[in-house]
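K.L.:
Sharing protein-v6.txt below, compact mmCIF, C-alpha atoms:
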```
# COMPACT_ATOMS: atom_id res chain seq x y z
CA MET A 1 144.82 169.98 41.06
CA THR A 2 147.79 168.44 42.69
CA THR A 3 150.84 166.43 41.81
CA HIS A 4 150.42 164.47 45.04
CA ARG A 5 148.21 161.63 43.86
CA THR A 6 145.18 160.33 45.72
CA PRO A 7 145.12 156.61 46.57
CA TYR A 8 142.96 155.84 43.50
CA ARG A 9 145.16 157.79 41.13
CA THR A 10 148.34 156.11 42.39
CA ALA A 11 146.77 152.71 41.85
CA ALA A 12 145.29 153.77 38.50
CA LEU A 13 148.69 154.86 37.22
CA ALA A 14 150.13 151.44 38.02
CA LEU A 15 147.18 149.78 36.32
CA ALA A 16 147.50 151.97 33.24
CA THR A 17 151.15 151.00 32.87
CA THR A 18 150.21 147.32 32.89
CA VAL A 19 147.26 147.74 30.52
CA LEU A 20 149.27 149.74 28.00
CA ALA A 21 151.89 147.02 27.84
CA LEU A 22 149.16 144.59 26.75
CA LEU A 23 147.30 146.80 24.28
CA PRO A 24 147.89 146.36 20.54
CA SER A 25 149.43 149.44 18.97
CA ALA A 26 146.23 150.46 17.18
CA GLN A 27 144.44 150.70 20.51
CA ALA A 28 147.30 152.13 22.52
CA GLY A 29 147.43 155.10 20.17
CA ALA A 30 148.39 157.88 22.51
CA ASP A 31 150.81 155.82 24.59
CA ASP A 32 152.67 153.31 22.42
CA GLY A 33 155.47 155.77 21.67
CA SER A 34 154.03 156.81 18.33
CA LEU A 35 153.05 160.31 19.39
CA PRO A 36 155.30 163.16 18.26
CA THR A 37 157.41 165.02 20.82
CA VAL A 38 157.89 168.75 21.02
CA THR A 39 160.40 170.47 23.28
CA PRO A 40 160.13 173.65 25.32
CA VAL A 41 161.90 176.88 24.44
CA SER A 42 162.20 178.00 28.04
CA GLU A 43 160.96 177.32 31.55
CA THR A 44 160.11 179.37 34.62
CA PRO A 45 162.28 179.16 37.74
CA ALA A 46 161.36 176.15 39.86
CA LEU A 47 158.77 176.54 42.61
CA TYR A 48 159.25 174.54 45.81
CA ASP A 49 156.43 173.16 47.89
CA ASP A 50 158.16 173.49 51.24
CA GLU A 51 158.57 176.11 53.94
CA ALA A 52 161.74 177.52 52.38
CA GLY A 53 159.93 177.87 49.05
CA GLY A 54 156.83 179.46 50.55
CA ASN A 55 154.80 176.28 49.96
CA SER A 56 154.66 177.22 46.29
CA ASP A 57 153.33 174.64 43.86
CA ALA A 58 152.85 175.43 40.16
CA ASP A 59 149.37 174.62 38.93
CA ASP A 60 147.56 176.51 36.17
CA PRO A 61 148.68 179.14 33.59
CA ALA A 62 146.91 181.72 31.43
CA ILE A 63 148.37 183.78 28.57
CA TRP A 64 147.49 187.48 28.36
CA ARG A 65 148.18 189.11 24.98
CA ASN A 66 149.31 192.72 24.99
CA ALA A 67 147.47 193.93 21.88
CA ALA A 68 149.50 197.14 21.70
CA ASP A 69 152.84 195.33 22.03
CA PRO A 70 152.49 191.53 21.64
CA GLY A 71 156.15 190.96 22.51
CA ARG A 72 155.38 192.26 26.00
CA SER A 73 152.58 189.80 26.65
CA LEU A 74 152.43 187.99 29.99
CA VAL A 75 151.87 184.55 31.45
CA ILE A 76 149.88 184.57 34.68
CA ALA A 77 150.04 181.40 36.74
CA THR A 78 148.92 180.01 40.08
CA ALA A 79 151.26 178.66 42.74
CA LYS A 80 148.71 177.46 45.32
CA GLU A 81 149.78 178.72 48.78
CA GLY A 82 152.53 180.60 46.97
CA GLY A 83 149.86 182.84 45.41
CA LEU A 84 150.04 184.19 41.87
CA ARG A 85 153.06 184.53 39.57
CA VAL A 86 153.49 186.71 36.49
CA TYR A 87 156.15 185.94 33.85
CA ASP A 88 157.32 187.61 30.66
CA LEU A 89 157.69 185.70 27.39
CA ASP A 90 161.23 184.71 28.33
CA ALA A 91 159.73 182.90 31.37
CA ARG A 92 161.34 185.43 33.70
CA PRO A 93 159.44 186.47 36.86
CA VAL A 94 157.76 189.87 36.62
CA GLN A 95 155.53 189.92 39.70
CA SER A 96 154.64 187.71 42.66
CA LEU A 97 151.39 188.24 44.54
CA PRO A 98 150.80 186.38 47.81
CA ALA A 99 147.67 184.41 48.57
CA PRO A 100 145.58 185.92 51.39
CA ARG A 101 146.51 185.07 54.95
CA PRO A 102 144.07 182.94 56.94
CA PRO A 103 141.35 184.86 58.79
CA ASP A 104 142.47 183.20 62.03
CA GLU A 105 145.43 181.10 63.10
CA ASP A 106 143.50 177.84 62.84
CA ASP A 107 141.82 178.67 59.52
CA ALA A 108 142.91 177.54 56.06
CA PRO A 109 145.29 179.91 54.25
CA GLY A 110 144.63 181.26 50.78
CA ARG A 111 145.48 178.77 48.05
CA TYR A 112 145.32 179.77 44.38
CA ASN A 113 144.27 176.89 42.19
CA ASN A 114 143.15 177.92 38.68
CA VAL A 115 143.29 181.12 36.63
CA ASP A 116 141.56 182.40 33.50
CA LEU A 117 141.28 185.77 31.76
CA VAL A 118 138.52 188.19 30.76
CA THR A 119 139.08 190.82 28.08
CA GLY A 120 137.25 194.12 28.49
CA LEU A 121 135.41 193.41 31.73
CA ARG A 122 133.02 196.22 32.59
CA THR A 123 133.92 198.03 35.81
CA SER A 124 132.76 201.33 37.30
CA THR A 125 136.05 202.89 36.18
CA GLY A 126 135.92 201.59 32.62
CA ARG A 127 136.70 198.40 30.71
CA ALA A 128 139.61 196.31 31.93
CA ASP A 129 141.39 193.07 31.16
CA VAL A 130 141.40 190.94 34.31
CA ALA A 131 142.69 187.65 35.65
CA VAL A 132 140.16 185.62 37.61
CA VAL A 133 141.54 183.14 40.16
CA SER A 134 139.92 180.39 42.23
CA ASP A 135 141.09 180.73 45.85
CA ARG A 136 140.58 177.22 47.11
CA GLY A 137 141.79 178.09 50.61
CA ASN A 138 139.09 180.73 51.13
CA ASP A 139 136.40 179.40 48.75
CA ARG A 140 136.35 182.66 46.83
CA LEU A 141 137.21 184.15 43.48
CA ARG A 142 139.94 186.79 43.24
CA ILE A 143 139.96 189.33 40.42
CA TYR A 144 143.11 191.17 39.28
CA ARG A 145 143.22 194.10 36.88
CA ILE A 146 145.99 193.83 34.25
CA ASP A 147 147.71 197.15 33.56
CA PRO A 148 150.56 197.01 31.01
CA SER A 149 151.58 200.58 31.87
CA LYS A 150 153.02 199.17 35.11
CA PRO A 151 155.68 196.79 33.77
CA GLY A 152 157.04 195.82 37.19
CA ALA A 153 153.64 195.26 38.82
CA PRO A 154 150.99 194.82 36.12
CA LEU A 155 148.41 193.07 38.33
CA THR A 156 146.29 194.80 40.99
CA ASP A 157 143.71 193.06 43.18
CA ILE A 158 140.26 194.59 42.58
CA THR A 159 138.20 191.93 44.37
CA ASP A 160 135.30 193.28 46.42
CA PRO A 161 136.28 192.61 50.08
CA ALA A 162 132.66 191.64 50.77
CA ALA A 163 132.59 188.89 48.11
CA ALA A 164 131.03 185.77 49.61
CA PRO A 165 132.26 182.18 49.49
CA VAL A 166 131.28 180.33 46.32
CA PHE A 167 130.10 177.08 47.92
CA SER A 168 130.54 177.27 51.71
CA THR A 169 128.17 178.76 54.27
CA ASP A 170 130.71 179.60 57.00
CA GLN A 171 134.40 179.47 57.90
CA SER A 172 134.10 176.02 59.44
CA GLU A 173 132.86 174.65 56.12
CA ILE A 174 135.61 176.53 54.27
CA ASN A 175 138.19 174.84 56.49
CA ASP A 176 136.94 171.46 55.29
CA GLN A 177 138.28 172.58 51.87
CA ARG A 178 135.39 171.42 49.73
CA THR A 179 135.79 174.73 48.04
CA ALA A 180 136.25 176.57 44.72
CA TYR A 181 138.66 174.52 42.62
CA GLY A 182 138.65 174.52 38.81
CA LEU A 183 137.72 177.66 36.87
CA ALA A 184 136.94 178.91 33.37
CA THR A 185 135.62 182.32 32.29
CA TRP A 186 132.88 183.00 29.74
CA GLN A 187 131.41 186.11 28.16
CA ASP A 188 127.86 185.52 26.91
CA LYS A 189 127.63 187.25 23.53
CA SER A 190 123.84 187.37 23.63
CA THR A 191 123.67 189.36 26.87
CA GLY A 192 127.13 190.89 27.29
CA ARG A 193 127.37 189.41 30.78
CA THR A 194 130.58 187.88 32.09
CA TYR A 195 130.75 184.66 34.07
CA ALA A 196 133.09 182.20 35.73
CA LEU A 197 132.40 178.48 35.78
CA VAL A 198 133.70 177.04 39.05
CA SER A 199 134.06 173.43 40.16
CA ARG A 200 134.10 172.21 43.77
CA ARG A 201 136.89 170.20 45.33
CA GLU A 202 136.00 166.59 46.26
CA ARG A 203 132.49 167.13 44.93
CA THR A 204 130.93 166.90 41.46
CA SER A 205 129.36 170.38 41.56
CA LEU A 206 129.83 173.07 38.92
CA ALA A 207 128.62 176.62 39.57
CA LEU A 208 127.87 179.44 37.14
CA VAL A 209 128.96 182.71 38.77
CA GLU A 210 128.33 186.16 37.28
CA LEU A 211 131.05 188.80 37.70
CA LYS A 212 129.57 192.18 38.66
CA PRO A 213 131.17 195.62 39.09
CA THR A 214 130.67 197.67 42.25
CA ALA A 215 130.42 201.45 42.52
CA SER A 216 133.78 201.59 44.27
CA GLY A 217 135.66 200.12 41.28
CA THR A 218 135.97 196.60 42.66
CA VAL A 219 134.41 193.43 41.23
CA THR A 220 132.12 191.02 43.05
CA TYR A 221 130.12 188.01 41.89
CA ARG A 222 126.88 186.12 42.44
CA LYS A 223 126.01 182.48 41.89
CA VAL A 224 123.43 182.01 39.12
CA ARG A 225 122.92 178.25 39.12
CA SER A 226 124.74 174.99 39.66
CA LEU A 227 124.89 171.52 38.15
CA ASP A 228 126.14 168.22 39.55
CA LEU A 229 128.05 165.83 37.34
CA PRO A 230 127.43 162.12 38.02
CA ALA A 231 129.25 160.47 40.91
CA SER A 232 128.40 156.90 39.92
CA PHE A 233 127.93 155.21 36.55
CA ARG A 234 125.97 152.28 35.17
CA LEU A 235 128.32 149.91 33.36
CA PRO A 236 127.42 147.67 30.38
CA ASN A 237 127.52 144.60 32.64
CA GLY A 238 124.70 146.04 34.74
CA THR A 239 126.80 147.03 37.75
CA THR A 240 127.20 150.51 39.20
CA TRP A 241 130.70 151.96 39.47
CA SER A 242 132.42 154.89 41.15
CA PRO A 243 136.17 155.48 41.19
CA CYS A 244 137.86 154.37 44.39
CA ALA A 245 138.49 157.24 46.80
CA GLU A 246 138.80 158.12 50.45
CA PRO A 247 135.48 157.83 52.30
CA GLY A 248 133.28 160.84 51.56
CA GLU A 249 135.26 162.01 48.52
CA LEU A 250 133.42 162.26 45.20
CA PRO A 251 135.01 162.40 41.70
CA GLN A 252 135.83 166.09 41.24
CA ALA A 253 136.26 168.15 38.08
CA GLU A 254 138.98 170.72 37.59
CA GLY A 255 140.28 171.43 34.11
CA MET A 256 137.68 173.51 32.26
CA VAL A 257 137.45 175.75 29.19
CA VAL A 258 134.62 177.49 27.33
CA ASP A 259 134.49 177.75 23.54
CA PRO A 260 133.53 181.43 23.11
CA ALA A 261 132.06 180.92 19.65
CA THR A 262 129.41 178.45 20.78
CA GLY A 263 129.20 178.94 24.54
CA THR A 264 130.17 175.30 25.04
CA LEU A 265 131.80 174.27 28.32
CA TYR A 266 134.26 171.38 28.44
CA ALA A 267 134.97 170.04 31.92
CA GLY A 268 137.45 167.35 32.91
CA GLN A 269 136.18 165.11 35.69
CA GLU A 270 139.57 163.84 36.71
CA ASP A 271 138.93 160.09 37.15
CA ILE A 272 136.07 159.90 34.63
CA GLY A 273 136.70 161.86 31.41
CA ILE A 274 135.75 165.01 29.50
CA TRP A 275 132.20 166.38 29.62
CA ARG A 276 130.56 168.79 27.15
CA MET A 277 127.59 171.04 27.99
CA ARG A 278 126.23 174.54 27.55
CA ALA A 279 128.23 177.06 29.53
CA ASP A 280 125.03 178.35 31.16
CA LEU A 281 124.61 174.87 32.71
CA THR A 282 121.12 174.39 31.28
CA THR A 283 121.71 171.19 29.30
CA LYS A 284 122.50 167.61 30.21
CA PRO A 285 126.26 166.95 30.04
CA VAL A 286 127.59 164.64 27.32
CA LEU A 287 130.66 162.50 27.97
CA VAL A 288 133.07 163.22 25.10
CA ASP A 289 135.76 160.73 26.11
CA LYS A 290 136.57 158.52 29.09
CA VAL A 291 139.82 157.78 30.89
CA ARG A 292 141.23 154.29 30.46
CA GLU A 293 140.58 153.51 34.12
CA TYR A 294 136.83 154.12 33.78
CA GLY A 295 134.94 151.17 35.26
CA VAL A 296 137.90 149.63 37.07
CA PRO A 297 136.75 148.50 40.55
CA GLY A 298 138.77 149.40 43.61
CA VAL A 299 138.75 149.02 47.38
CA TYR A 300 140.13 151.69 49.71
CA ASP A 301 142.38 150.44 52.53
CA GLU A 302 142.29 152.80 55.51
CA ALA A 303 145.47 151.28 56.94
CA THR A 304 147.60 152.00 53.88
CA GLU A 305 145.45 154.92 52.62
CA GLU A 306 145.65 153.40 49.15
CA CYS A 307 143.28 151.73 46.72
CA THR A 308 143.61 148.15 45.58
CA LEU A 309 142.25 147.95 42.05
CA GLY A 310 140.62 144.93 40.50
CA ALA A 311 140.63 143.62 36.95
CA ASP A 312 139.97 146.07 34.13
CA PRO A 313 136.59 145.21 32.56
CA GLY A 314 137.50 147.13 29.40
CA TYR A 315 134.93 149.93 29.55
CA GLY A 316 137.39 152.83 29.55
CA GLY A 317 138.60 155.04 26.73
CA GLU A 318 141.79 154.73 24.70
CA ARG A 319 143.28 158.24 24.79
CA LEU A 320 143.34 159.53 28.37
CA ALA A 321 145.07 158.19 31.48
CA ALA A 322 143.68 159.52 34.77
CA ASP A 323 143.77 162.25 35.70
CA VAL A 324 142.37 164.21 32.78
CA GLU A 325 143.54 167.76 33.43
CA GLY A 326 144.48 171.08 31.84
CA LEU A 327 141.81 171.68 29.19
CA THR A 328 142.58 174.56 26.82
CA LEU A 329 141.26 175.65 23.42
CA PHE A 330 143.32 176.13 20.25
CA GLN A 331 141.24 178.55 18.15
CA GLN A 332 141.75 179.08 14.42
CA SER A 333 140.56 182.15 12.53
CA ASP A 334 138.26 180.12 10.25
CA GLY A 335 136.36 178.72 13.23
CA ASP A 336 138.19 175.41 13.29
CA GLY A 337 140.44 174.39 16.13
CA TYR A 338 141.17 171.82 18.79
CA LEU A 339 140.51 171.05 22.41
CA PHE A 340 143.79 170.21 24.15
CA ALA A 341 143.62 167.91 27.20
CA SER A 342 146.43 166.92 29.53
CA SER A 343 146.47 163.15 30.04
CA GLN A 344 148.30 163.37 33.34
CA GLY A 345 148.68 159.64 33.93
CA ASP A 346 150.89 159.06 30.88
CA ASP A 347 152.44 162.52 30.34
CA THR A 348 150.73 163.13 26.98
CA PHE A 349 148.32 165.66 25.50
CA ALA A 350 145.22 164.58 23.55
CA LEU A 351 143.66 166.70 20.80
CA TYR A 352 139.96 166.75 19.95
CA ASP A 353 138.13 168.50 17.10
CA ARG A 354 136.56 171.73 18.32
CA GLU A 355 133.44 171.13 16.22
CA VAL A 356 130.51 169.75 18.20
CA SER A 357 129.00 168.65 14.88
CA GLU A 358 132.00 166.31 14.55
CA ASP A 359 131.27 165.06 18.09
CA ASN A 360 134.68 166.37 19.18
CA GLU A 361 136.46 163.60 17.29
CA TYR A 362 139.92 162.63 18.54
CA GLU A 363 142.57 164.11 16.23
CA GLY A 364 145.87 162.92 17.69
CA GLY A 365 148.24 164.04 20.40
CA PHE A 366 151.78 164.86 21.43
CA ARG A 367 154.25 164.93 24.28
CA VAL A 368 156.41 167.72 25.69
CA GLY A 369 159.86 166.17 26.06
CA ALA A 370 163.22 167.37 27.32
CA ALA A 371 165.15 169.88 25.24
CA SER A 372 168.39 169.27 27.18
CA ALA A 373 169.72 167.87 30.42
CA THR A 374 168.70 171.06 32.19
CA LEU A 375 165.52 171.94 30.26
CA ASP A 376 163.25 168.99 30.87
CA GLY A 377 159.79 168.29 29.49
CA SER A 378 156.40 168.13 31.21
CA GLU A 379 155.46 165.31 33.56
CA GLU A 380 152.16 164.82 35.41
CA CYS A 381 150.91 168.04 33.82
CA ASP A 382 148.14 169.87 35.64
CA GLY A 383 147.24 173.11 33.87
CA ALA A 384 147.84 174.22 30.30
CA ALA A 385 147.10 177.30 28.19
CA VAL A 386 147.37 177.88 24.45
CA LEU A 387 147.16 181.11 22.45
CA ASN A 388 147.10 180.95 18.66
CA ALA A 389 148.20 184.53 17.96
CA PRO A 390 151.54 186.23 17.21
CA LEU A 391 153.47 187.17 20.34
CA GLY A 392 156.36 189.21 19.03
CA SER A 393 159.58 187.83 17.61
CA ASP A 394 159.90 185.08 20.23
CA TYR A 395 156.60 183.38 19.39
CA PRO A 396 155.37 184.56 15.98
CA ASN A 397 153.18 181.45 15.70
CA GLY A 398 151.71 181.58 19.20
CA LEU A 399 152.48 179.94 22.52
CA LEU A 400 151.64 176.85 24.55
CA VAL A 401 152.36 176.93 28.31
CA VAL A 402 152.16 173.69 30.30
CA GLN A 403 152.67 172.91 33.94
CA ASP A 404 155.46 170.50 34.83
CA GLY A 405 154.61 168.45 37.90
CA HIS A 406 158.17 167.14 38.33
CA GLU A 407 160.81 169.78 37.68
CA THR A 408 164.27 168.33 37.06
CA PRO A 409 167.09 168.10 37.84
CA ASP A 410 166.24 167.25 41.45
CA VAL A 411 167.45 169.53 44.23
CA PRO A 412 168.54 167.98 47.59
CA ASP A 413 166.45 168.89 50.62
CA GLY A 414 169.36 168.57 53.05
CA GLY A 415 167.91 165.48 54.68
CA GLY A 416 168.81 162.85 52.13
CA GLY A 417 165.79 163.47 49.92
CA THR A 418 164.85 165.96 47.24
CA ARG A 419 162.64 169.04 47.27
CA THR A 420 159.26 168.86 45.53
CA ALA A 421 159.75 171.16 42.55
CA THR A 422 157.28 172.25 39.86
CA GLY A 423 157.21 174.90 37.16
CA PHE A 424 155.92 175.91 33.73
CA LYS A 425 157.29 175.13 30.26
CA PHE A 426 156.95 177.53 27.29
CA VAL A 427 156.52 175.76 23.94
CA ASP A 428 156.48 177.37 20.49
CA LEU A 429 152.98 176.71 19.19
CA GLY A 430 154.36 176.47 15.67
CA ASP A 431 156.31 173.40 16.74
CA VAL A 432 153.10 171.78 18.05
CA VAL A 433 151.22 172.57 14.85
CA GLU A 434 153.97 171.04 12.72
CA ALA A 435 154.55 167.98 14.91
CA ALA A 436 150.87 167.16 15.38
CA ASP A 437 150.01 168.10 11.76
CA LEU A 438 147.27 170.53 12.79
```
Can you turn what I pasted into C-alpha cells?
P.N.:
Amino acid sequence: MTTHRTPYRTAALALATTVLALLPSAQAGADDGSLPTVTPVSETPALYDDEAGGNSDADDPAIWRNAADPGRSLVIATAKEGGLRVYDLDARPVQSLPAPRPPDEDDAPGRYNNVDLVTGLRTSTGRADVAVVSDRGNDRLRIYRIDPSKPGAPLTDITDPAAAPVFSTDQSEINDQRTAYGLATWQDKSTGRTYALVSRRERTSLALVELKPTASGTVTYRKVRSLDLPASFRLPNGTTWSPCAEPGELPQAEGMVVDPATGTLYAGQEDIGIWRMRADLTTKPVLVDKVREYGVPGVYDEATEECTLGADPGYGGERLAADVEGLTLFQQSDGDGYLFASSQGDDTFALYDREVSEDNEYEGGFRVGAASATLDGSEECDGAAVLNAPLGSDYPNGLLVVQDGHETPDVPDGGGGTRTATGFKFVDLGDVVEAADL
C-alpha cells in the first residue's frame, strides 16, 4: 500500500474525475458531494518518508482494547521502513519499534506494511494478545506480544528467528519484493487454530498461514494453502481485460478483513474491487463490488512510465474509485454491522452490509474532512481500523482510525519542495454512526 501511485492508478484517478463530472447524481452517489463528512478528534505526529524522517510512511492501523482499563487502549500502526508505531488514545507516541535491518548491504531492508491483532494467542508461556505484521521487505510475518503492564514499551517481538519467508524461496527472490503485503488475522472457532491471511505484492496470490507457538516462547508459522485471484476478466462485450500496469505486474490485493462470526474473508484487489470468500480459502471468490475503473483499457508507455487510458466502456461499479483499500469491520452486538472500505481514488469510505445473506448490500458512505486549518482530514487513505466498543471517556462510543496519505499543512524540504508527510486520524465512532445513520 503506497501513496505513490502506479502509472495505472495515476491515470485512473484522472479518468475518475472526468467520469464523475458526467454522472447523474443518482449514479454518482458516493462522489457527488452528498456524502456526510465527519471530522477527526486528533491526529498522530506526521511521519516523513525521507532520510531525515527515517523513511517513515504511515500505512495501516489496528486498535487494541485494554479490557482491564479501556481508556488505556492502544493504536498500533505500520510505518513501512520506519517500522512499527504505538500510540495512546490521545494520538501521542508511546513506542517506536524499528523494522529489521537488511541481511546484507545490498539486500532489501525491513518494511512493515499491514498489521492486525489476535486476542489470546496460545504460546508456550500462556495466552497473549499479539500484533501480527507483514514485513514486506523480508517477506515474513512479525509477531509482537502486547503487555499493558509495560506502559512505556508495551510491545515485544516474539517472532521465531527461524521463521521462513511467506512466498519467496531465497534472498534474491525476496529482493525482487514480490513479498508479503496485505494481512488479516483469523481464529477458526471450530478448531481453535489461529491464522493470518497474507497477500503478495504485484501478484494476485493469497496465502493462509497458521500461527504456531514454539517451545522457547516465540511464535512461528506455516503456510496451509494459497489461492490466486483473477488477473484478467471477461467483459460483457466479449473482450478480455486487465488493468494497465508495468510489464510483469499483476493486480495485487492488500486491504483485507475476516468476519469472525462467519469466517468470511473480504479482500480488496486494488484496481478491481472487493472479493468475498471463506477465510480458509476453500471456496471460489465472489466479487462484491467493482471499482469504477473496472474494464477501462490502458496502454503502458515505457518512456513516460505512465498509462494512457482509453474510453470507459461502463462496466465498473458506482461506489469505489481505485484503489480500494483499508477494509475493516464494524461489528454490532446483535450480529449486524458493516464492512468499511477506503475508496482511495476519491477520498471517501463506502459501507456495505455485513450480512452475506443480503449480498453485502451497499449502505452508504462518508468522508473524513478537516476539523481546522491544522487538523486536516484523510486523503488517499490506505489503512483503516474500527472498534465498536467503549474506550474510556475519550471514545465512549468507539473509535475509527484512518490513514492520511497527505498530511497538511505542508512542510518545506529545504530545496523548494515539500516533504512527503503521512499520519493517522482518530475519529469518534459515534460521529460516524450519527452522520452515516448506522
K.L.:
Kindly give the distance, in Å, that separates CA of Ala261 in chain A and CA of Leu387 in chain A, rounded to a single decimal.
P.N.:
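Pair CA of Ala261 in chain A / CA of Leu387 in chain A returns 15.4 Å.
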K.L.:
Nearest residue to Pro61 in chain A out of A:Tyr338, A:Tyr112, A:Tyr352, A:Trp186, using all atoms listed in the file?
P.N.:
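Counting all atoms listed in the file, the residue closest to Pro61 in chain A is A:Tyr112.
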K.L.:
Provide the CA of Tyr87 in chain A to CA of Ala153 in chain A distance in Å, to one decimal place.
P.N.:
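CA of Tyr87 in chain A sits 10.9 Å away from CA of Ala153 in chain A.
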K.L.:
Find, counting all atoms listed in the file, the residue in A:Thr220, A:Thr240, A:Asn360, A:Thr179 that gets nearest to Asp135 in chain A.
P.N.:
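Nearest to Asp135 in chain A: A:Thr179.
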K.L.:
Smallest atom-to-atom distance to Gly182 in chain A: which of A:Ala58, A:Ala267, A:Val427, A:Ala128, using all atoms listed in the file?
P.N.:
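Going through A:Ala58, A:Ala267, A:Val427, A:Ala128 one by one, the smallest distance to Gly182 in chain A is for A:Ala267.
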K.L.:
CA of Glu318 in chain A and CA of Val299 in chain A are how many Å apart?
P.N.:
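CA of Glu318 in chain A sits 23.6 Å away from CA of Val299 in chain A.
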K.L.:
For a quick check of understanding, using only C-alpha atoms, which of A:Ser172, A:Thr422, A:Thr159, A:Asn66 has the smallest distance to Cys381 in chain A?
P.N.:
A:Thr422
K.L.:
Between A:Pro154, A:Gly417, A:Gly392, A:Gly255, which is the closest to Leu197 in chain A once you count only C-alpha atoms?
P.N.:
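Checking each candidate against Leu197 in chain A, we get A:Gly255 as the closest.
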K.L.:
Pick out the residues sitting within 6 Å of Arg225 in chain A, and hand them over as an MDAnalysis selection string; count only C-alpha atoms, and ignore anything fewer than 2 positions along from it in its own chain.
P.N.:
chainID A and resid 207:208 223
K.L.:
Using the file's own x, y and z axes, so that the box edges lie along x, y and z, what centre and edge lengths in Å (one decimal) does a box around every listed atom of range 124-143 of chain A get when 4 Å is added on each side? Give it as JSON.
P.N.:
```
{"center_x": 137.7, "center_y": 190.1, "center_z": 40.9, "size_x": 17.9, "size_y": 33.7, "size_z": 28.4}
```
K.L.:
Calculated over all atoms listed in the file, which of the candidates A:Thr420, A:Gly137, A:Asn397, A:Arg367 has the smallest distance to Val38 in chain A?
P.N.:
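Smallest distance to Val38 in chain A is found for A:Arg367.
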K.L.:
Which residues are close to Ser232 in chain A, i.e. within 12 Å by only C-alpha atoms, leaving aside same-chain residues fewer than 5 positions away? Reply as a list in words.
P.N.:
Thr204, Thr239, Thr240, Trp241, Ser242, Pro243, Cys244, Leu250, Pro251, Gln252, Asp271, Ile272, Tyr294, Gly295 and Pro297 of chain A
K.L.:
Which polymer residues, whether protein, DNA or RNA, lie within 8 Å of the coordinate (145.5, 166.5, 21.4) when you count only C-alpha atoms? List them as a list of chain:residue names, using the chain letters and numbers from the file.
P.N.:
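Output: A:Tyr338, A:Leu339, A:Phe340, A:Ala341, A:Phe349, A:Ala350, A:Leu351, A:Tyr352, A:Tyr362, A:Glu363, A:Gly364, A:Gly365, A:Phe366.
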K.L.:
Just write the chosen residues, C-alpha atoms, as a JSON list (two decimals), keeping the file's coordinate frame.
P.N.:
```
[["chain", "number", "residue", "atom", "x", "y", "z"],
["A", 338, "TYR", "CA", 141.17, 171.82, 18.79],
["A", 339, "LEU", "CA", 140.51, 171.05, 22.41],
["A", 340, "PHE", "CA", 143.79, 170.21, 24.15],
["A", 341, "ALA", "CA", 143.62, 167.91, 27.20],
["A", 349, "PHE", "CA", 148.32, 165.66, 25.50],
["A", 350, "ALA", "CA", 145.22, 164.58, 23.55],
["A", 351, "LEU", "CA", 143.66, 166.70, 20.80],
["A", 352, "TYR", "CA", 139.96, 166.75, 19.95],
["A", 362, "TYR", "CA", 139.92, 162.63, 18.54],
["A", 363, "GLU", "CA", 142.57, 164.11, 16.23],
["A", 364, "GLY", "CA", 145.87, 162.92, 17.69],
["A", 365, "GLY", "CA", 148.24, 164.04, 20.40],
["A", 366, "PHE", "CA", 151.78, 164.86, 21.43]]
```
K.L.:
List as a ChimeraX atom specification the protein and nucleic acid residues near Leu117 in chain A, meaning an atom at most 12 Å away when all atoms listed in the file are counted, but skip any in the same chain fewer than 2 places from it.
P.N.:
/A:61-65,74-77,114-115,119-121,128-134,142-146,183-187,194-196,257-258,385,387
K.L.:
Can you pull out the residues contacting Val94 in chain A? Cut-off 8 Å, using all atoms listed in the file, and skip same-chain residues under 6 positions away; I want them as an MDAnalysis selection string.
P.N.:
chainID A and resid 85:88 151:153
K.L.:
Which neighbours of Leu375 in chain A fall inside 8 Å, counting all atoms listed in the file, when residues of the same chain fewer than 5 positions from it are skipped, and could you give them as a VMD selection string?
P.N.:
chain A and resid 40 42 to 43 370 408
K.L.:
May I have the protein, DNA and RNA residues with an atom at most 6 Å from (135.3, 173.6, 41.6), counting all atoms listed in the file in the file's coordinates, returned as a PyMOL selection string?
P.N.:
chain A and resi 180-182+198-201
